[in-house]
Every structure is written in structure tokens, then in C-alpha cells.
Amino acid sequence: MSHFFYSFHFYLFGILALASALTFVTRKSPVAAALWLVSTMFCLAALYIMLDAQFIGIIQILVYAGAIMVVFLFVVMLLNLGHPKEISDARGKLPSIVAGLLGVIMLALIGVTLRGRMETSSAAAERTMSAQVERVGAVGAIAEPLFREYLLAFEVTSLVLLVAMVGAVVLGKRRTA
Amino acid sequence: MIDEALALSAALFVIGAVGVLTRRNAIIIFMCVELMLNAVNLSFIAFSRLYGFSGQAIVFFVMTVAAAEAAVGLAIIIAIFRHQQTVNLQNINLLKG
């Protein structure tokens, strides 16, 4: 019963994510597109939590839906792009068909690549994972690789954020001279 | 559930890629790139169930870089808008031969 409950919600959020993503790429107005993308991100956060990544799921909501998408909406409103202009945003018919074909080819390639690689029996690995989460908590389990294997990358990340901050201020500044 | 998550991840990635190819609004193209990053994050999370928590640490890094990229990219879009009064990539063709 619990397994059925789990699968039902997994498929529910998966289908919602897919539908929101499809709606997102077909919307004309940037504001509507951004809001549908937020919906996709919430569904993905639910999936992360169901896949035993509780911390990442919450961070997804806080950082992606909360911070990044707000910046996007802010820029859309700052530049007053809310209304679709006379020049059509989407490309013509032929480029769309070519893009669709490329998408189908890409999907087929990913499918073929994954098919040969999948290990179907993951029950044992999943059990050790939930045991570890129970022992050190969801945050502690991520902290271990983050501060051991990837310590240098973690420190470099702070540099990346600093450079991005300075770069955004310099680029966005109006030249008054 | 790992197979389903990977299939969803592939589908989302392809939707994002098709969006990048078919749209002209720079901001929407940017959002499509964010969708592709999210799709890759989903497959990292799915694989982290098989191979341990390192996958989740990588997702953490991807999110940080995505935030930095969004800040710089949107600043560039604002700078372009000041010059051209548009974010439609059809009108930004200075490098076109």
C-alpha cells in the first residue's frame, strides 16, 4: 500500500513537471513562461525529496524557485517585456521542425546510452543510503563528501559567487561620465 | 524509480534544448538553459541513490554555478537592452557576416 502511494505520487509529480515544462516552452509572454518554470521546479523539488535528497529538495525551492526565478521576473519587469511584441518570439515553421527532429534524435541517443548502462537492482544501495540518512541526518550525509572530497571545489565556489557579484554590479552600472 | 527519474530527466533536457533552438527572446532562452540544468540535476540525484552522496554534493555545486550564471547573464541582458532597446536575438546580429 505504501509502495503504491509512493509510485502514485512519483508519477503524479513527474507528469506535472513534464506538463509544466511543455507549457513553459510554448508560452509567448516571458512572465507566464517564468511562472510555469517555477511550477516545474517545485515538482522537481518534490521528486528530489522522494528520491531521498531532502536537503537538495529544500535548497531547490529556496535557491531556484525563490532566488533565481525572482531575479528573472525582476529583469522581465525592469525591462518591461511583459507583453509579447509585434516581432514574433518563436522562430518560423522550418526551424521549429528541425529543432523538433533534433530533439527526437537527442532523446533517442540518451535512451540508447542509458539502456546499456542501467543497473536494475538498486535495493541494497538504497537501504544503505536510508540507513546513513537515519544515522547522520540528511544534511550531514551531504556534508561528508562536500567537506572531504570536494573541499577545494567548495572553497572555489565562494570565489565564483564573489566574481559573479562584482561582475553583475559592474555590468549593470550606468556609466555617468 | 531510478529508471523513471532518468527518463523524465532526458525528456526535460530535450524540452529545454528544443526551447533554446526555437525561441528568440534572450530571457526565455536563458530560462530554457536553467531547465536543462535542472534536468541534469535530477539525473545526478537519481544516480546518487546507486552510487552514494557525492551526486548530491555535485548538485549543490551546479546550483551555485547556476545562480552565479543567472546574475551575470541577466546583467549582460540588461546591458544589451540599454544599447539595442530589445532582447530579441533576431535584432542582435552585429557578428553576422
# chains A, B, ... in the order shown; residues from 1 in each chain; ligands from 1
call {"tool": "interface_residues", "arguments": {"of": "chain B", "to": "chain A", "cutoff": "7 Å", "atoms": "only C-alpha atoms", "output": "number ranges by chain"}}
result
B: 8, 10-12, 14-15, 18-19, 21-25, 28, 45-46, 49-50, 53-54, 56-57, 67-68, 70-72, 75-76, 78-79
call {"tool": "select_by_dssp", "arguments": {"residues": "chain B", "states": "helix (DSSP H, G or I)", "output": "VMD selection string"}}
result
chain B and resid 2 to 22 26 to 51 54 to 84
call {"tool": "closest_residue", "arguments": {"among": "A:Phe13, A:Trp36, A:Phe4, A:Phe42", "to": "A:Ala65", "atoms": "only C-alpha atoms"}}
result
A:Phe42
call {"tool": "atom_distance", "arguments": {"atom1": "atom CA of B:Gly73", "atom2": "atom CA of B:Leu37"}}
result
14.8 Å
call {"tool": "atom_distance", "arguments": {"atom1": "atom CA of A:Gly66", "atom2": "atom CA of B:Asp3"}}
result
28.9 Å
call {"tool": "residues_around", "arguments": {"residues": "B:Ser43", "least_positions_apart": "2", "cutoff": "7 Å", "atoms": "only C-alpha atoms", "output": "ChimeraX atom specification"}}
result
/B:5-6,9,39-41,45-47
call {"tool": "decode", "arguments": {"residues": "stretch 1-81 of chain A", "atoms": "C-alpha atoms", "output": "short mmCIF file (atom, residue, chain, number, x, y, z; two decimals), in the first residue's frame"}}
result
data_model
loop_
_atom_site.label_atom_id
_atom_site.label_comp_id
_atom_site.auth_asym_id
_atom_site.auth_seq_id
_atom_site.Cartn_x
_atom_site.Cartn_y
_atom_site.Cartn_z
CA MET A 1 0.00 0.00 0.00
CA SER A 2 2.79 2.36 0.94
CA HIS A 3 4.63 1.42 -2.23
CA PHE A 4 1.57 2.20 -4.31
CA PHE A 5 1.25 5.56 -2.55
CA TYR A 6 4.89 6.32 -3.32
CA SER A 7 4.68 5.38 -7.02
CA PHE A 8 1.42 7.27 -7.46
CA HIS A 9 2.94 10.49 -6.21
CA PHE A 10 6.19 9.92 -8.07
CA TYR A 11 4.32 9.62 -11.37
CA LEU A 12 1.99 12.48 -10.44
CA PHE A 13 4.84 14.91 -9.85
CA GLY A 14 6.76 13.57 -12.86
CA ILE A 15 3.81 14.16 -15.19
CA LEU A 16 3.17 17.59 -13.65
CA ALA A 17 6.83 18.52 -14.17
CA LEU A 18 6.72 17.39 -17.79
CA ALA A 19 3.44 19.22 -18.48
CA SER A 20 4.69 22.43 -16.84
CA ALA A 21 7.92 22.26 -18.85
CA LEU A 22 5.98 21.81 -22.11
CA THR A 23 3.71 24.73 -21.23
CA PHE A 24 6.75 26.77 -20.28
CA VAL A 25 8.47 26.48 -23.68
CA THR A 26 5.27 27.25 -25.58
CA ARG A 27 4.21 30.41 -23.68
CA LYS A 28 4.65 33.71 -25.52
CA SER A 29 4.74 36.01 -22.51
CA PRO A 30 8.01 35.85 -20.51
CA VAL A 31 6.13 36.27 -17.22
CA ALA A 32 3.86 33.29 -17.89
CA ALA A 33 6.89 31.25 -19.01
CA ALA A 34 8.77 32.10 -15.82
CA LEU A 35 5.82 31.11 -13.63
CA TRP A 36 5.44 27.76 -15.43
CA LEU A 37 9.17 27.18 -14.93
CA VAL A 38 8.69 27.83 -11.20
CA SER A 39 5.97 25.16 -11.23
CA THR A 40 8.39 22.72 -12.92
CA MET A 41 10.97 23.45 -10.24
CA PHE A 42 8.52 22.80 -7.42
CA CYS A 43 7.60 19.43 -8.95
CA LEU A 44 11.30 18.59 -9.31
CA ALA A 45 11.85 19.53 -5.66
CA ALA A 46 9.10 17.07 -4.69
CA LEU A 47 10.83 14.38 -6.76
CA TYR A 48 14.19 15.15 -5.11
CA ILE A 49 12.61 14.70 -1.69
CA MET A 50 11.05 11.39 -2.79
CA LEU A 51 14.47 10.26 -4.05
CA ASP A 52 15.99 10.67 -0.55
CA ALA A 53 17.58 14.07 -1.27
CA GLN A 54 15.59 16.11 1.25
CA PHE A 55 18.20 18.83 1.69
CA ILE A 56 18.63 19.34 -2.05
CA GLY A 57 14.86 19.48 -2.45
CA ILE A 58 14.54 22.33 0.03
CA ILE A 59 17.54 24.12 -1.48
CA GLN A 60 15.91 23.73 -4.89
CA ILE A 61 12.85 25.60 -3.66
CA LEU A 62 14.87 28.27 -1.85
CA VAL A 63 17.55 28.93 -4.48
CA TYR A 64 15.90 28.11 -7.80
CA ALA A 65 12.25 28.95 -7.27
CA GLY A 66 12.96 31.57 -4.62
CA ALA A 67 16.07 33.40 -5.78
CA ILE A 68 16.94 32.70 -9.41
CA MET A 69 13.40 32.90 -10.80
CA VAL A 70 12.71 36.07 -8.82
CA VAL A 71 15.76 37.64 -10.46
CA PHE A 72 14.41 36.57 -13.86
CA LEU A 73 10.98 38.04 -13.15
CA PHE A 74 12.61 41.18 -11.81
CA VAL A 75 14.55 41.68 -15.04
CA VAL A 76 11.46 40.98 -17.17
CA MET A 77 9.57 43.68 -15.28
CA LEU A 78 12.54 46.07 -15.20
CA LEU A 79 12.83 45.92 -18.99
CA ASN A 80 9.03 45.96 -19.37
CA LEU A 81 8.97 42.81 -21.51
#
